file protein-v7.pdb (PDB, C-alpha atoms)
ATOM      1  CA  MET X  23     114.431 102.328  67.547
ATOM      2  CA  ASN X  24     116.674 105.158  66.260
ATOM      3  CA  ASP X  25     120.253 103.946  65.629
ATOM      4  CA  GLN X  26     119.250 100.324  66.306
ATOM      5  CA  ILE X  27     117.292 100.193  63.040
ATOM      6  CA  ARG X  28     119.341  98.277  60.482
ATOM      7  CA  THR X  29     117.933  99.026  57.035
ATOM      8  CA  LYS X  30     118.824 101.359  54.181
ATOM      9  CA  GLU X  31     115.366 102.887  53.765
ATOM     10  CA  VAL X  32     112.030 102.969  55.573
ATOM     11  CA  ARG X  33     108.438 103.900  54.931
ATOM     12  CA  LEU X  34     108.069 106.869  57.265
ATOM     13  CA  VAL X  35     104.918 107.867  59.160
ATOM     14  CA  GLY X  36     104.739 111.268  60.835
ATOM     15  CA  PRO X  37     103.814 111.915  64.501
ATOM     16  CA  GLN X  38     100.151 112.565  63.600
ATOM     17  CA  GLY X  39      99.895 109.458  61.419
ATOM     18  CA  GLU X  40     100.559 111.287  58.167
ATOM     19  CA  GLN X  41     102.358 109.366  55.400
ATOM     20  CA  VAL X  42     105.764 110.880  54.626
ATOM     21  CA  GLY X  43     106.791 108.178  52.138
ATOM     22  CA  ILE X  44     109.851 106.036  51.562
ATOM     23  CA  VAL X  45     113.023 107.764  52.709
ATOM     24  CA  SER X  46     116.571 106.728  53.555
ATOM     25  CA  ILE X  47     117.272 105.762  57.153
ATOM     26  CA  ASP X  48     119.657 108.710  57.451
ATOM     27  CA  LYS X  49     116.971 111.178  56.393
ATOM     28  CA  ALA X  50     114.425 109.540  58.719
ATOM     29  CA  LEU X  51     116.835 109.859  61.662
ATOM     30  CA  GLN X  52     117.534 113.488  60.762
ATOM     31  CA  LEU X  53     113.798 114.288  60.630
ATOM     32  CA  ALA X  54     113.355 112.633  64.048
ATOM     33  CA  ALA X  55     116.190 114.717  65.482
ATOM     34  CA  ASP X  56     114.772 117.921  63.975
ATOM     35  CA  VAL X  57     111.466 117.511  65.852
ATOM     36  CA  ASP X  58     113.057 115.969  68.978
ATOM     37  CA  LEU X  59     111.248 112.646  68.573
ATOM     38  CA  ASP X  60     112.263 108.998  68.277
ATOM     39  CA  LEU X  61     112.240 106.928  65.110
ATOM     40  CA  VAL X  62     110.420 103.707  66.047
ATOM     41  CA  GLU X  63     110.068 100.644  63.833
ATOM     42  CA  VAL X  64     106.380  99.657  63.997
ATOM     43  CA  ALA X  65     106.185  97.101  61.167
ATOM     44  CA  PRO X  66     109.568  95.385  60.847
ATOM     45  CA  THR X  67     108.353  92.669  58.447
ATOM     46  CA  ALA X  68     107.077  95.137  55.838
ATOM     47  CA  ARG X  69     109.187  95.857  52.778
ATOM     48  CA  PRO X  70     110.544  98.418  53.431
ATOM     49  CA  PRO X  71     109.976  98.423  57.216
ATOM     50  CA  VAL X  72     107.503 101.002  58.509
ATOM     51  CA  CYS X  73     108.816 103.513  61.040
ATOM     52  CA  LYS X  74     106.998 106.239  62.916
ATOM     53  CA  LEU X  75     108.118 109.454  64.549
ATOM     54  CA  MET X  76     106.997 109.474  68.199
ATOM     55  CA  ASP X  77     107.946 110.230  71.788
ATOM     56  CA  TYR X  78     108.784 106.667  72.731
ATOM     57  CA  GLY X  79     108.982 107.344  76.480
ATOM     58  CA  LYS X  80     105.523 108.921  76.461
ATOM     59  CA  TYR X  81     104.217 106.065  74.304
ATOM     60  CA  LYS X  82     105.473 103.422  76.764
ATOM     61  CA  TYR X  83     104.009 105.308  79.739
ATOM     62  CA  GLU X  84     100.576 105.666  78.115
ATOM     63  CA  SER X  85     100.590 102.014  77.052
ATOM     64  CA  ALA X  86     101.380 100.928  80.617
ATOM     65  CA  GLN X  87      98.585 103.142  81.965
ATOM     66  CA  LYS X  88      96.078 101.631  79.531
ATOM     67  CA  ALA X  89      97.196  98.103  80.431
ATOM     68  CA  ARG X  90      96.756  98.790  84.154
ATOM     69  CA  ALA X  91      93.309 100.290  83.580
ATOM     70  CA  SER X  92      92.320  97.295  81.500
ATOM     71  CA  ARG X  93      93.436  94.894  84.247
ATOM     72  CA  ARG X  94      91.470  96.877  86.853
ATOM     73  CA  ASN X  95      88.352  96.752  84.723
ATOM     74  CA  GLN X  96      88.625  93.037  84.118
ATOM     75  CA  GLN X  97      86.505  91.010  86.495
ATOM     76  CA  GLN X  98      88.467  87.986  87.563
ATOM     77  CA  THR X  99      86.071  85.138  88.261
ATOM     78  CA  VAL X 100      87.235  82.223  90.382
ATOM     79  CA  ILE X 101      85.682  78.776  89.999
ATOM     80  CA  LYS X 102      85.280  76.966  93.299
ATOM     81  CA  GLU X 103      84.468  73.257  93.514
ATOM     82  CA  MET X 104      82.139  71.448  95.878
ATOM     83  CA  LYS X 105      81.936  67.646  95.907
ATOM     84  CA  LEU X 106      78.891  65.696  97.089
ATOM     85  CA  ARG X 107      77.834  62.067  97.225
ATOM     86  CA  PRO X 108      74.482  61.045  95.672
ATOM     87  CA  LYS X 109      73.264  59.676  99.027
ATOM     88  CA  ILE X 110      74.553  62.556 101.155
ATOM     89  CA  ASP X 111      72.817  62.958 104.517
ATOM     90  CA  LYS X 112      70.754  66.063 105.294
ATOM     91  CA  HIS X 113      73.287  67.668 107.678
ATOM     92  CA  ASP X 114      76.212  67.362 105.246
ATOM     93  CA  TYR X 115      74.005  68.591 102.411
ATOM     94  CA  GLU X 116      73.032  71.736 104.307
ATOM     95  CA  THR X 117      76.674  72.349 105.287
ATOM     96  CA  LYS X 118      77.921  72.049 101.716
ATOM     97  CA  LYS X 119      75.037  74.143 100.407
ATOM     98  CA  GLY X 120      76.078  76.833 102.898
ATOM     99  CA  HIS X 121      79.590  76.806 101.432
ATOM    100  CA  ILE X 122      78.157  77.113  97.907
ATOM    101  CA  VAL X 123      75.983  80.052  98.979
ATOM    102  CA  ARG X 124      79.041  81.766 100.478
ATOM    103  CA  PHE X 125      81.046  81.272  97.261
ATOM    104  CA  LEU X 126      78.212  82.668  95.145
ATOM    105  CA  THR X 127      77.700  85.645  97.442
ATOM    106  CA  ALA X 128      81.422  86.428  97.066
ATOM    107  CA  GLY X 129      80.922  86.471  93.282
ATOM    108  CA  ASP X 130      82.591  83.150  92.445
ATOM    109  CA  LYS X 131      81.343  80.441  90.136
ATOM    110  CA  VAL X 132      80.903  76.985  91.635
ATOM    111  CA  LYS X 133      81.546  73.613  90.028
ATOM    112  CA  ILE X 134      79.354  71.077  91.801
ATOM    113  CA  THR X 135      80.520  67.478  91.434
ATOM    114  CA  ILE X 136      78.473  64.417  92.368
ATOM    115  CA  MET X 137      80.825  61.469  92.948
ATOM    116  CA  PHE X 138      79.472  57.978  92.222
ATOM    117  CA  ARG X 139      81.051  54.857  93.674
ATOM    118  CA  GLY X 140      80.404  51.171  93.110
ATOM    119  CA  ARG X 141      76.762  50.400  92.388
ATOM    120  CA  GLU X 142      75.865  54.090  92.586
ATOM    121  CA  GLN X 143      77.128  54.413  89.013
ATOM    122  CA  SER X 144      74.051  52.547  87.813
ATOM    123  CA  ARG X 145      71.781  55.198  89.413
ATOM    124  CA  PRO X 146      72.721  58.496  87.682
ATOM    125  CA  GLU X 147      69.191  59.797  88.367
ATOM    126  CA  LEU X 148      70.158  60.143  92.060
ATOM    127  CA  GLY X 149      72.846  62.651  91.182
ATOM    128  CA  ARG X 150      70.661  64.522  88.722
ATOM    129  CA  ARG X 151      67.840  64.740  91.267
ATOM    130  CA  LEU X 152      70.253  66.123  93.866
ATOM    131  CA  LEU X 153      71.632  68.732  91.473
ATOM    132  CA  ASP X 154      68.125  69.781  90.420
ATOM    133  CA  LYS X 155      67.146  70.207  94.068
ATOM    134  CA  LEU X 156      70.271  72.242  94.819
ATOM    135  CA  ALA X 157      69.809  74.432  91.738
ATOM    136  CA  GLU X 158      66.250  75.223  92.788
ATOM    137  CA  GLU X 159      67.251  76.114  96.350
ATOM    138  CA  ILE X 160      69.974  78.540  95.251
ATOM    139  CA  SER X 161      68.044  79.972  92.288
ATOM    140  CA  ASP X 162      67.873  83.412  93.977
ATOM    141  CA  LEU X 163      71.687  83.577  93.948
ATOM    142  CA  ALA X 164      72.785  81.654  90.878
ATOM    143  CA  VAL X 165      72.039  80.631  87.327
ATOM    144  CA  ILE X 166      73.050  77.339  85.764
ATOM    145  CA  GLU X 167      75.972  78.042  83.452
ATOM    146  CA  SER X 168      76.651  74.403  82.554
ATOM    147  CA  ALA X 169      73.818  71.911  82.951
ATOM    148  CA  ALA X 170      74.354  68.627  84.774
ATOM    149  CA  LYS X 171      76.257  66.110  82.654
ATOM    150  CA  GLN X 172      78.008  62.816  83.253
ATOM    151  CA  ASP X 173      81.810  62.884  83.255
ATOM    152  CA  GLY X 174      83.145  59.393  83.874
ATOM    153  CA  ARG X 175      82.214  58.414  87.428
ATOM    154  CA  ASN X 176      81.129  61.946  88.252
ATOM    155  CA  MET X 177      78.249  64.221  87.357
ATOM    156  CA  ILE X 178      79.091  67.917  87.049
ATOM    157  CA  MET X 179      77.098  71.137  87.048
ATOM    158  CA  VAL X 180      78.474  74.695  87.034
ATOM    159  CA  VAL X 181      76.534  77.599  88.519
ATOM    160  CA  ALA X 182      77.380  81.296  88.246
ATOM    161  CA  PRO X 183      76.376  84.133  90.590
ATOM    162  CA  ILE X 184      73.576  86.469  89.529
ATOM    163  CA  ARG X 185      75.091  89.424  91.399
ATOM    164  CA  PRO X 186      78.406  90.992  90.302
ATOM    165  CA  LYS X 187      81.537  90.051  92.210
ATOM    166  CA  GLY X 188      81.958  92.081  95.396
ATOM    167  CA  GLU X 189      78.271  93.010  95.761
ATOM    168  CA  ILE X 190      77.080  91.878  99.191
ATOM    169  CA  LYS X 191      73.542  90.900 100.023
ATOM    170  CA  GLY X 192      71.600  92.636 102.792
ATOM    171  CA  GLY X 193      72.761  91.475 106.171
ATOM    172  CA  GLY X 194      76.399  91.667 105.111
ATOM    173  CA  ARG X 195      78.893  94.243 106.300
ATOM    174  CA  LYS X 196      76.552  97.166 105.597
ATOM    175  CA  GLY X 197      73.814  95.492 107.570
ATOM    176  CA  ARG X 198      76.156  94.936 110.476
ATOM    177  CA  ASP X 199      77.253  98.557 110.330
ATOM    178  CA  ARG X 200      73.625  99.673 110.620
ATOM    179  CA  ASP X 201      73.080  97.368 113.594
ATOM    180  CA  GLU X 202      76.224  98.663 115.295
ATOM    181  CA  SER X 203      75.157 102.272 114.713
ATOM    182  CA  ALA X 204      71.742 101.570 116.225
ATOM    183  CA  ALA X 205      73.381  99.923 119.227
ATOM    184  CA  ASP X 206      75.637 102.947 119.719
ATOM    185  CA  GLU X 207      72.680 105.342 119.640
ATOM    186  CA  ALA X 208      70.461 103.410 122.072
ATOM    187  CA  PRO X 209      72.345 104.290 125.307
ATOM    188  CA  ALA X 210      72.419 107.977 124.288
ATOM    189  CA  GLU X 211      68.604 108.149 124.410
ATOM    190  CA  GLN X 212      68.482 106.728 127.950
ATOM    191  CA  ALA X 213      71.275 108.894 129.345
ATOM    192  CA  PRO X 214      69.188 112.067 130.019
ATOM    193  CA  ALA X 215      66.684 110.108 132.177
ATOM    194  CA  GLN X 216      69.513 108.807 134.379
ATOM    195  CA  ALA X 217      71.074 112.264 134.676
ATOM    196  CA  ASP X 218      67.776 113.921 135.760
ATOM    197  CA  ALA X 219      67.250 111.722 138.852
ATOM    198  CA  PRO X 220      69.792 113.338 141.233
ATOM    199  CA  ALA X 221      68.914 116.851 140.082
ATOM    200  CA  GLU X 222      65.925 117.146 142.600
ATOM    201  CA  ALA X 223      67.941 116.151 145.666
ATOM    202  CA  PRO X 224      69.315 119.688 146.487
ATOM    203  CA  ASP X 225      65.744 121.155 146.597
ATOM    204  CA  GLU X 226      64.712 118.797 149.400
ATOM    205  CA  GLN X 227      67.676 119.611 151.723
ATOM    206  CA  PRO X 228      66.422 123.000 153.138
ATOM    207  CA  GLU X 229      63.046 121.518 154.272
ATOM    208  CA  SER X 230      64.802 119.150 156.684
TER     209      SER X 230
END
call {"tool": "encode", "arguments": {"input": "protein-v7.pdb", "output": "structure tokens"}}
result
Amino acid sequence: MNDQIRTKEVRLVGPQGEQVGIVSIDKALQLAADVDLDLVEVAPTARPPVCKLMDYGKYKYESAQKARASRRNQQQTVIKEMKLRPKIDKHDYETKKGHIVRFLTAGDKVKITIMFRGREQSRPELGRRLLDKLAEEISDLAVIESAAKQDGRNMIMVVAPIRPKGEIKGGGRKGRDRDESAADEAPAEQAPAQADAPAEAPDEQPES
């Protein structure tokens, strides 16, 4: 940029992208100074190098803003892993399925691994049957991104959430907020009945 450019001549591009042509580096620097802009080398490997007149500080700021916006718009998906045995008992199965449901609801993908040991390796259908059952039971939350396949002693399937990351199903925080609001309003409806009871007492005093 500017005095750091070490070449005798450059192909100059104006601030609006217009082609100025090949000029000496001294003339290019003078033109930059005349319009209070920087001379920035944008294609150093070209012959001659291509330089552009620009406000370099403004260019860096706008580039940083675009990069931050791009990062915000990118949806970062995390892949969780859940390991099961082909002969898992019902309680452990339901527990692990609950974890998978929680991961999917949070918007994360899940890698489900069936681990075979010993003679279990000769019964791959046990693992496939278990994965098929699990996929069917979570079909309202997930789609199969990578079908079940054997990987050494393991069988692996990857499922991805149907809902976007961060979207919470009914009964989540919003549901709890509605329940809390209803609970707060309930006592308010009963309060007038309790306040009316002592109001008749003063009318009975003069009769006695």
call {"tool": "resolve_selection", "arguments": {"input": "protein-v7.pdb", "expression": "the PyMOL selection byres ((chain X and resi 77) around 12)", "output": "count of residues only"}}
result
23
call {"tool": "resolve_selection", "arguments": {"input": "protein-v7.pdb", "expression": "the PyMOL selection byres ((chain X and resi 114-119) around 12)", "output": "NGL selection string"}}
result
:X and (103-113 or 120-126 or 132 or 134-136 or 152-153 or 155-160 or 163)
call {"tool": "atom_distance", "arguments": {"input": "protein-v7.pdb", "atom1": "atom CA of Gln172 of chain X", "atom2": "atom CA of Leu148 of chain X"}}
result
12.1 Å
call {"tool": "resolve_selection", "arguments": {"input": "protein-v7.pdb", "expression": "the PyMOL selection byres ((chain X and resi 170) around 8)", "output": "list of chain:residue names"}}
result
X:Arg150, X:Leu153, X:Ser168, X:Ala169, X:Lys171, X:Gln172, X:Met177, X:Ile178, X:Met179, X:Val180
call {"tool": "closest_residue", "arguments": {"input": "protein-v7.pdb", "among": "X:Arg139, X:Arg145, X:Arg185, X:Arg90", "to": "Ala164 of chain X", "atoms": "only C-alpha atoms"}}
result
X:Arg185
